[in-house]
Amino acid sequence: MTSNLTSEEQAAAAAVERSAATSQLRFATAGSVDDGKSTLVGRLLHDSKSVLADQLEAVAHASRSRGQAAPDLALLTDGLRAEREQGITIDVAYRYFATPKRRFILADTPGHVQYTRNMVTGASTAELAVVLVDARNGVVEQTRRHAAVAALLRVPHVVLAVNKMDLVDYAEPVFAAIAEEFTTYAASLGVPEITAIPISALAGDNVVTPSANMDWYGGPTVLEHLETVPVGTDPSQDPARFPVQYVIRPQTTEHPDYRGYAGQIASGVLRVGDAVTVLPSGLTSTITGIDALGAMVDVAWAPQSVTVTLADDLDISRGDLIAPSDYAPETTQDVEATVCHLHDRPLRVGDRVLLKHTTRTMKAIIKDIPSRLTLADLSHHPAPGELAANDIGRVVLRTSEPLALDAYEDSRRTGSFLLIDPADGTTLTAGMAGDSFAASAEGAEAARDDEGWDF
């Protein structure tokens with residue numbers, strides 16, 4: 001019975017029930033070249049019965065053509081011809097599979113340093129990252145780089161999979177030393193939760209079924225951990241953010257004055273009767289109705305798609321943000337952020353770009369690039385002047401209009417943005433607003449104020 005519960009308690013209970021019914025985990029894999037990422041993913045798909053018979057036959061045929069007696073499970077994810085020829089992963093391979101306990105969206109990301117941008121793409125929406133380490137090599141520079149990216153993107157759960165334990169005779173001291181070194185490093189970066197698991201992806205040890213060769217290990221298998229790690233957050237703990245995607249005005253005989261604002265709730269909970277502020281205009285009103293899939297409700301929460309009606313007829317359009325009046329974000333035209341540059345053309349001081357934040361797109365100028373981060377040792381190169389492909393650094397932007405931007409550490413959804421080439425629409429850079437361990441270098445010179453797009 002829920003009749004005695006407050007509306008907030010009912011909303012929280014409904015969110016928990018909904019989460020249990022549709023539990024889904026987005027996770028990414030990363031590791032150095034030849035650490036066995038694709039083999040782990042292939043083993044995970046194969047042993048969890050998530051591979052169709054024709055897919056397995058195609059892999060077996062491809063393996064035989066390469067002179068391999070047994071099917072190479074890495075080919076289940078290394079789908080590009082260039083990857084199969086080189087035996088490496090060079091693109092983000094997305095796979096979807098499910099077990100009776102949970103649904104999964106998996107992003108198998110590249111290991112090469114020149115594809116760091118691909119890991120950023122794959123991990124940007126992940127709730128968990130699996131970082132592989134070759135037991136023979138231990139923690140290497142690329143391992144630290146992947147741990148740093150996971151920390152930078154605020155991935156809440158990290159799994160250290162110490163692979164190829166069969167090649168070190170399943171020795172517990174080898175695993176313990178690697179786990180201690182990685183855990184110490186990742187914890188220093190602020191990674192909140194780290195789980196170390198010894199595995200052999202090739203032999204299947206501790207991937208889906210427990211290993212008979214490592215009786216000294218009493219923790220979960222990789223799949224068991226993926227099935228049981230907590231996912232999502234209590235939406236009532238976050239301030240509501242509702243980016244308007246579309247304004248609905250039918251202007252029919254039946255609905256002559258209807259004005260609804262449609263979109264997906266980015267975070268938090270919306271309730272009928274809430275006092276809200278529309279940003280960047282600062283206009284205020286009260287929620288009078290919430291339409292969720294054709295049914296009028298009193299409460300809605302992230303990530304539901306809804307239509308909201310307000311008590312007042314306000315000038316609201318796509319890109320505006322509706323937020324609780326008591327917890328509305330500040331608006332600004334000066335943005336400081338950590339970014340990962342994705343394009344082969346460098347990002348330079350003075351570049352004119354488009355900034356896309358939730359449903360809002362506006363012009364912006366790169367005013368300064370105070371520093372570039374070296375992920376291997378977390379050192380800063382001050383005032384680099386430009387960021388090349390795969391570079392991560394700090395930037396200062398000036399936007400043409402006020403922007404309602406949260407800090408990325410507070411909200412991965414409303415604290416992130418993209419920089420786009422205004423000429424052809426190409427995505428240039430992924431940004432995370434606010435502070436991070438990649439702090440702005442002190443004493444960097446201010447950028448020049450170029451003509452045009454000077455806000």
# chains A, B, ... in the order shown; residues from 1 in each chain; ligands from 1
>>> residues_around(residues="A:Val349", least_positions_apart="6", cutoff="6 Å", atoms="only C-alpha atoms", output="list in words")
Ile366, Lys367 and Asp368 of chain A
>>> select_by_dssp(residues="stretch 108-157 of chain A", states="helix (DSSP H, G or I)", output="list in words")
Val113, Gln114, Tyr115, Thr116, Arg117, Asn118, Met119, Val120, Thr121, Gly122, Ala123, Glu141, Gln142, Thr143, Arg144, Arg145, His146, Ala147, Ala148, Val149, Ala150, Ala151 and Leu152 of chain A
>>> write_last_selection(atoms="N, CA, C and O atoms", output="PDB file, in the first residue's frame")
ATOM      1  N   VAL A 113      47.352   4.337 -28.267  1.00  0.00           N
ATOM      2  CA  VAL A 113      47.329   5.694 -27.742  1.00  0.00           C
ATOM      3  C   VAL A 113      46.705   6.658 -28.745  1.00  0.00           C
ATOM      4  O   VAL A 113      46.038   7.620 -28.359  1.00  0.00           O
ATOM      5  N   GLN A 114      46.884   6.385 -30.057  1.00  0.00           N
ATOM      6  CA  GLN A 114      46.329   7.308 -31.054  1.00  0.00           C
ATOM      7  C   GLN A 114      44.817   7.204 -31.165  1.00  0.00           C
ATOM      8  O   GLN A 114      44.185   7.985 -31.875  1.00  0.00           O
ATOM      9  N   TYR A 115      44.213   6.253 -30.450  1.00  0.00           N
ATOM     10  CA  TYR A 115      42.760   6.129 -30.446  1.00  0.00           C
ATOM     11  C   TYR A 115      42.172   6.427 -29.068  1.00  0.00           C
ATOM     12  O   TYR A 115      41.111   5.919 -28.701  1.00  0.00           O
ATOM     13  N   THR A 116      42.875   7.267 -28.311  1.00  0.00           N
ATOM     14  CA  THR A 116      42.358   7.675 -27.004  1.00  0.00           C
ATOM     15  C   THR A 116      40.973   8.305 -27.141  1.00  0.00           C
ATOM     16  O   THR A 116      40.096   8.111 -26.305  1.00  0.00           O
ATOM     17  N   ARG A 117      40.757   9.057 -28.222  1.00  0.00           N
ATOM     18  CA  ARG A 117      39.460   9.705 -28.442  1.00  0.00           C
ATOM     19  C   ARG A 117      38.340   8.676 -28.532  1.00  0.00           C
ATOM     20  O   ARG A 117      37.205   8.949 -28.159  1.00  0.00           O
ATOM     21  N   ASN A 118      38.645   7.479 -29.057  1.00  0.00           N
ATOM     22  CA  ASN A 118      37.620   6.444 -29.147  1.00  0.00           C
ATOM     23  C   ASN A 118      37.230   5.927 -27.771  1.00  0.00           C
ATOM     24  O   ASN A 118      36.069   5.611 -27.512  1.00  0.00           O
ATOM     25  N   MET A 119      38.214   5.833 -26.857  1.00  0.00           N
ATOM     26  CA  MET A 119      37.876   5.428 -25.506  1.00  0.00           C
ATOM     27  C   MET A 119      37.027   6.482 -24.830  1.00  0.00           C
ATOM     28  O   MET A 119      36.088   6.176 -24.092  1.00  0.00           O
ATOM     29  N   VAL A 120      37.341   7.755 -25.070  1.00  0.00           N
ATOM     30  CA  VAL A 120      36.530   8.826 -24.500  1.00  0.00           C
ATOM     31  C   VAL A 120      35.092   8.714 -24.988  1.00  0.00           C
ATOM     32  O   VAL A 120      34.141   8.839 -24.215  1.00  0.00           O
ATOM     33  N   THR A 121      34.920   8.432 -26.268  1.00  0.00           N
ATOM     34  CA  THR A 121      33.584   8.263 -26.814  1.00  0.00           C
ATOM     35  C   THR A 121      32.861   7.095 -26.157  1.00  0.00           C
ATOM     36  O   THR A 121      31.705   7.206 -25.749  1.00  0.00           O
ATOM     37  N   GLY A 122      33.535   5.957 -26.046  1.00  0.00           N
ATOM     38  CA  GLY A 122      32.896   4.773 -25.489  1.00  0.00           C
ATOM     39  C   GLY A 122      32.589   4.885 -24.010  1.00  0.00           C
ATOM     40  O   GLY A 122      31.578   4.368 -23.531  1.00  0.00           O
ATOM     41  N   ALA A 123      33.471   5.567 -23.263  1.00  0.00           N
ATOM     42  CA  ALA A 123      33.307   5.645 -21.810  1.00  0.00           C
ATOM     43  C   ALA A 123      32.465   6.829 -21.365  1.00  0.00           C
ATOM     44  O   ALA A 123      32.102   6.915 -20.189  1.00  0.00           O
ATOM     45  N   GLU A 141      52.075   2.159 -19.191  1.00  0.00           N
ATOM     46  CA  GLU A 141      51.674   3.547 -19.414  1.00  0.00           C
ATOM     47  C   GLU A 141      50.234   3.649 -19.924  1.00  0.00           C
ATOM     48  O   GLU A 141      49.462   4.497 -19.483  1.00  0.00           O
ATOM     49  N   GLN A 142      49.858   2.761 -20.852  1.00  0.00           N
ATOM     50  CA  GLN A 142      48.511   2.816 -21.396  1.00  0.00           C
ATOM     51  C   GLN A 142      47.462   2.462 -20.341  1.00  0.00           C
ATOM     52  O   GLN A 142      46.345   2.970 -20.368  1.00  0.00           O
ATOM     53  N   THR A 143      47.828   1.617 -19.391  1.00  0.00           N
ATOM     54  CA  THR A 143      46.913   1.298 -18.291  1.00  0.00           C
ATOM     55  C   THR A 143      46.630   2.544 -17.467  1.00  0.00           C
ATOM     56  O   THR A 143      45.474   2.824 -17.108  1.00  0.00           O
ATOM     57  N   ARG A 144      47.653   3.308 -17.182  1.00  0.00           N
ATOM     58  CA  ARG A 144      47.475   4.550 -16.425  1.00  0.00           C
ATOM     59  C   ARG A 144      46.642   5.546 -17.227  1.00  0.00           C
ATOM     60  O   ARG A 144      45.823   6.279 -16.668  1.00  0.00           O
ATOM     61  N   ARG A 145      46.870   5.560 -18.540  1.00  0.00           N
ATOM     62  CA  ARG A 145      46.115   6.476 -19.390  1.00  0.00           C
ATOM     63  C   ARG A 145      44.618   6.136 -19.335  1.00  0.00           C
ATOM     64  O   ARG A 145      43.770   7.017 -19.216  1.00  0.00           O
ATOM     65  N   HIS A 146      44.290   4.862 -19.405  1.00  0.00           N
ATOM     66  CA  HIS A 146      42.888   4.458 -19.379  1.00  0.00           C
ATOM     67  C   HIS A 146      42.263   4.717 -18.010  1.00  0.00           C
ATOM     68  O   HIS A 146      41.088   5.105 -17.919  1.00  0.00           O
ATOM     69  N   ALA A 147      43.022   4.528 -16.949  1.00  0.00           N
ATOM     70  CA  ALA A 147      42.505   4.838 -15.607  1.00  0.00           C
ATOM     71  C   ALA A 147      42.233   6.330 -15.482  1.00  0.00           C
ATOM     72  O   ALA A 147      41.232   6.748 -14.885  1.00  0.00           O
ATOM     73  N   ALA A 148      43.129   7.136 -16.064  1.00  0.00           N
ATOM     74  CA  ALA A 148      42.948   8.589 -16.002  1.00  0.00           C
ATOM     75  C   ALA A 148      41.712   9.029 -16.775  1.00  0.00           C
ATOM     76  O   ALA A 148      40.963   9.904 -16.342  1.00  0.00           O
ATOM     77  N   VAL A 149      41.486   8.441 -17.958  1.00  0.00           N
ATOM     78  CA  VAL A 149      40.302   8.789 -18.746  1.00  0.00           C
ATOM     79  C   VAL A 149      39.035   8.396 -17.997  1.00  0.00           C
ATOM     80  O   VAL A 149      38.056   9.157 -17.965  1.00  0.00           O
ATOM     81  N   ALA A 150      39.034   7.212 -17.380  1.00  0.00           N
ATOM     82  CA  ALA A 150      37.865   6.780 -16.603  1.00  0.00           C
ATOM     83  C   ALA A 150      37.591   7.743 -15.457  1.00  0.00           C
ATOM     84  O   ALA A 150      36.432   8.080 -15.170  1.00  0.00           O
ATOM     85  N   ALA A 151      38.654   8.206 -14.796  1.00  0.00           N
ATOM     86  CA  ALA A 151      38.476   9.159 -13.702  1.00  0.00           C
ATOM     87  C   ALA A 151      37.997  10.505 -14.223  1.00  0.00           C
ATOM     88  O   ALA A 151      37.127  11.145 -13.619  1.00  0.00           O
ATOM     89  N   LEU A 152      38.547  10.937 -15.342  1.00  0.00           N
ATOM     90  CA  LEU A 152      38.182  12.219 -15.928  1.00  0.00           C
ATOM     91  C   LEU A 152      36.715  12.243 -16.321  1.00  0.00           C
ATOM     92  O   LEU A 152      36.016  13.247 -16.133  1.00  0.00           O
TER      93      LEU A 152
END
>>> atom_distance(atom1="atom CA of A:Glu181", atom2="atom CA of A:Asn163")
15.4 Å
>>> select_by_dssp(residues="stretch 202-430 of chain A", states="strand (DSSP E)", output="ChimeraX atom specification")
/A:242-243,246-248,260-264,269-271,275-279,283-292,295-297,299-301,305-310,321-324,331-341,347-348,352-357,360-374,379-382,386-387,392-404,416-420,427-430
>>> residues_around(residues="A:Thr307", least_positions_apart="6", cutoff="9 Å", atoms="only C-alpha atoms", output="list in words")
Val247, Ile248, Gly260, Tyr261, Ala262, Gly263, Gln264, Gly289, Ile290, Asp291, Ala292 and Leu293 of chain A
>>> write_last_selection(atoms="C-alpha atoms", output="PDB file, in the first residue's frame")
ATOM      1  CA  VAL A 247       7.093  23.165 -28.282  1.00  0.00           C
ATOM      2  CA  ILE A 248       3.672  21.609 -28.931  1.00  0.00           C
ATOM      3  CA  GLY A 260       3.242  22.049 -24.038  1.00  0.00           C
ATOM      4  CA  TYR A 261       7.005  21.666 -23.787  1.00  0.00           C
ATOM      5  CA  ALA A 262       8.315  18.243 -24.795  1.00  0.00           C
ATOM      6  CA  GLY A 263      11.669  16.679 -24.039  1.00  0.00           C
ATOM      7  CA  GLN A 264      13.569  14.157 -21.955  1.00  0.00           C
ATOM      8  CA  GLY A 289       0.561  19.293 -15.875  1.00  0.00           C
ATOM      9  CA  ILE A 290       2.872  16.450 -16.929  1.00  0.00           C
ATOM     10  CA  ASP A 291       1.972  14.168 -19.837  1.00  0.00           C
ATOM     11  CA  ALA A 292       3.926  10.885 -19.899  1.00  0.00           C
ATOM     12  CA  LEU A 293       3.131   8.667 -22.905  1.00  0.00           C
TER      13      LEU A 293
END
>>> residues_around(residues="A:Val308", least_positions_apart="5", cutoff="12 Å", atoms="only C-alpha atoms", output="PyMOL selection string")
chain A and resi 242-248+258-265+270-274+276+285-300+316+322-323
>>> atom_distance(atom1="atom CA of A:Asp410", atom2="atom CA of A:Asp435")
10.7 Å
>>> residues_around(residues="A:Thr427", least_positions_apart="6", cutoff="10 Å", atoms="only C-alpha atoms", output="PyMOL selection string")
chain A and resi 341-343+353-356+418-421
>>> atom_distance(atom1="atom CA of A:Thr331", atom2="atom CA of A:Leu310")
21.7 Å
>>> residues_around(residues="A:Tyr94", least_positions_apart="4", cutoff="9 Å", atoms="only C-alpha atoms", output="list in words")
Thr77, Ile105, Leu106, Ala107, Asp108, Thr109 and Gly122 of chain A
>>> write_last_selection(atoms="all heavy atoms", output="PDB file, in the first residue's frame")
ATOM      1  N   THR A  77      34.021  -9.220 -32.030  1.00  0.00           N
ATOM      2  CA  THR A  77      33.954  -7.765 -31.857  1.00  0.00           C
ATOM      3  C   THR A  77      34.843  -7.023 -32.835  1.00  0.00           C
ATOM      4  O   THR A  77      34.537  -5.887 -33.199  1.00  0.00           O
ATOM      5  CB  THR A  77      34.374  -7.363 -30.428  1.00  0.00           C
ATOM      6  OG1 THR A  77      35.672  -7.908 -30.148  1.00  0.00           O
ATOM      7  CG2 THR A  77      33.380  -7.886 -29.422  1.00  0.00           C
ATOM      8  N   ILE A 105      24.832  -2.896 -22.620  1.00  0.00           N
ATOM      9  CA  ILE A 105      25.344  -2.216 -23.815  1.00  0.00           C
ATOM     10  C   ILE A 105      26.848  -2.094 -23.617  1.00  0.00           C
ATOM     11  O   ILE A 105      27.314  -1.414 -22.704  1.00  0.00           O
ATOM     12  CB  ILE A 105      24.711  -0.833 -24.012  1.00  0.00           C
ATOM     13  CG1 ILE A 105      23.191  -0.958 -24.161  1.00  0.00           C
ATOM     14  CG2 ILE A 105      25.309  -0.143 -25.233  1.00  0.00           C
ATOM     15  CD1 ILE A 105      22.486   0.383 -24.278  1.00  0.00           C
ATOM     16  N   LEU A 106      27.603  -2.758 -24.468  1.00  0.00           N
ATOM     17  CA  LEU A 106      29.051  -2.875 -24.300  1.00  0.00           C
ATOM     18  C   LEU A 106      29.762  -2.081 -25.388  1.00  0.00           C
ATOM     19  O   LEU A 106      29.418  -2.168 -26.557  1.00  0.00           O
ATOM     20  CB  LEU A 106      29.432  -4.360 -24.368  1.00  0.00           C
ATOM     21  CG  LEU A 106      30.878  -4.786 -24.198  1.00  0.00           C
ATOM     22  CD1 LEU A 106      30.911  -6.247 -23.768  1.00  0.00           C
ATOM     23  CD2 LEU A 106      31.652  -4.637 -25.493  1.00  0.00           C
ATOM     24  N   ALA A 107      30.755  -1.306 -24.991  1.00  0.00           N
ATOM     25  CA  ALA A 107      31.591  -0.572 -25.940  1.00  0.00           C
ATOM     26  C   ALA A 107      33.022  -1.090 -25.821  1.00  0.00           C
ATOM     27  O   ALA A 107      33.686  -0.862 -24.806  1.00  0.00           O
ATOM     28  CB  ALA A 107      31.550   0.926 -25.653  1.00  0.00           C
ATOM     29  N   ASP A 108      33.461  -1.818 -26.842  1.00  0.00           N
ATOM     30  CA  ASP A 108      34.832  -2.338 -26.868  1.00  0.00           C
ATOM     31  C   ASP A 108      35.706  -1.284 -27.525  1.00  0.00           C
ATOM     32  O   ASP A 108      35.619  -1.039 -28.734  1.00  0.00           O
ATOM     33  CB  ASP A 108      34.870  -3.652 -27.656  1.00  0.00           C
ATOM     34  CG  ASP A 108      36.264  -4.270 -27.674  1.00  0.00           C
ATOM     35  OD1 ASP A 108      37.040  -4.001 -26.740  1.00  0.00           O
ATOM     36  OD2 ASP A 108      36.569  -5.010 -28.625  1.00  0.00           O
ATOM     37  N   THR A 109      36.547  -0.622 -26.740  1.00  0.00           N
ATOM     38  CA  THR A 109      37.311   0.532 -27.239  1.00  0.00           C
ATOM     39  C   THR A 109      38.750   0.150 -27.554  1.00  0.00           C
ATOM     40  O   THR A 109      39.278  -0.829 -27.030  1.00  0.00           O
ATOM     41  CB  THR A 109      37.297   1.682 -26.222  1.00  0.00           C
ATOM     42  OG1 THR A 109      38.022   1.277 -25.042  1.00  0.00           O
ATOM     43  CG2 THR A 109      35.872   2.028 -25.815  1.00  0.00           C
ATOM     44  N   GLY A 122      33.535   5.957 -26.046  1.00  0.00           N
ATOM     45  CA  GLY A 122      32.896   4.773 -25.489  1.00  0.00           C
ATOM     46  C   GLY A 122      32.589   4.885 -24.010  1.00  0.00           C
ATOM     47  O   GLY A 122      31.578   4.368 -23.531  1.00  0.00           O
TER      48      GLY A 122
END
>>> residues_around(residues="A:Asp406", least_positions_apart="3", cutoff="7 Å", atoms="only C-alpha atoms", output="JSON, numbers by chain")
{"A": [329, 410, 411, 414, 415]}
>>> decode(residues="stretch 424-437 of chain A", atoms="N, CA, C and O atoms", output="compact mmCIF listing (two decimals), in the first residue's frame")
# COMPACT_ATOMS: atom_id res chain seq x y z
N ASP A 424 30.87 22.63 -41.70
CA ASP A 424 30.35 21.37 -42.23
C ASP A 424 29.65 20.49 -41.19
O ASP A 424 29.23 19.38 -41.51
N GLY A 425 29.54 20.96 -39.95
CA GLY A 425 28.83 20.20 -38.93
C GLY A 425 29.63 19.07 -38.32
O GLY A 425 29.07 18.24 -37.58
N THR A 426 30.92 18.98 -38.59
CA THR A 426 31.76 17.92 -38.04
C THR A 426 31.97 18.11 -36.54
O THR A 426 32.25 19.23 -36.08
N THR A 427 31.86 17.02 -35.76
CA THR A 427 32.15 17.09 -34.34
C THR A 427 33.66 17.21 -34.13
O THR A 427 34.43 16.39 -34.62
N LEU A 428 34.07 18.25 -33.40
CA LEU A 428 35.49 18.52 -33.19
C LEU A 428 36.00 18.05 -31.84
O LEU A 428 37.07 17.45 -31.73
N THR A 429 35.23 18.35 -30.79
CA THR A 429 35.74 18.23 -29.43
C THR A 429 34.62 17.86 -28.47
O THR A 429 33.49 18.33 -28.64
N ALA A 430 34.94 17.04 -27.48
CA ALA A 430 34.00 16.72 -26.40
C ALA A 430 34.46 17.45 -25.14
O ALA A 430 35.66 17.40 -24.80
N GLY A 431 33.54 18.14 -24.47
CA GLY A 431 33.92 18.97 -23.33
C GLY A 431 33.20 18.58 -22.05
O GLY A 431 32.07 18.08 -22.07
N MET A 432 33.88 18.83 -20.94
CA MET A 432 33.35 18.57 -19.60
C MET A 432 33.56 19.84 -18.77
O MET A 432 34.69 20.22 -18.49
N ALA A 433 32.46 20.49 -18.40
CA ALA A 433 32.54 21.79 -17.74
C ALA A 433 33.04 21.68 -16.31
O ALA A 433 32.80 20.70 -15.63
N GLY A 434 33.73 22.73 -15.89
CA GLY A 434 34.16 22.82 -14.49
C GLY A 434 35.53 22.27 -14.26
O GLY A 434 36.32 22.03 -15.19
N ASP A 435 35.84 22.04 -12.99
CA ASP A 435 37.17 21.60 -12.58
C ASP A 435 37.31 20.09 -12.74
O ASP A 435 36.34 19.34 -12.76
N SER A 436 38.53 19.65 -12.85
CA SER A 436 38.86 18.23 -12.87
C SER A 436 40.30 18.13 -12.38
O SER A 436 40.91 19.13 -12.02
N PHE A 437 40.84 16.88 -12.38
CA PHE A 437 42.24 16.79 -11.98
C PHE A 437 43.14 17.44 -13.02
O PHE A 437 44.29 17.71 -12.76
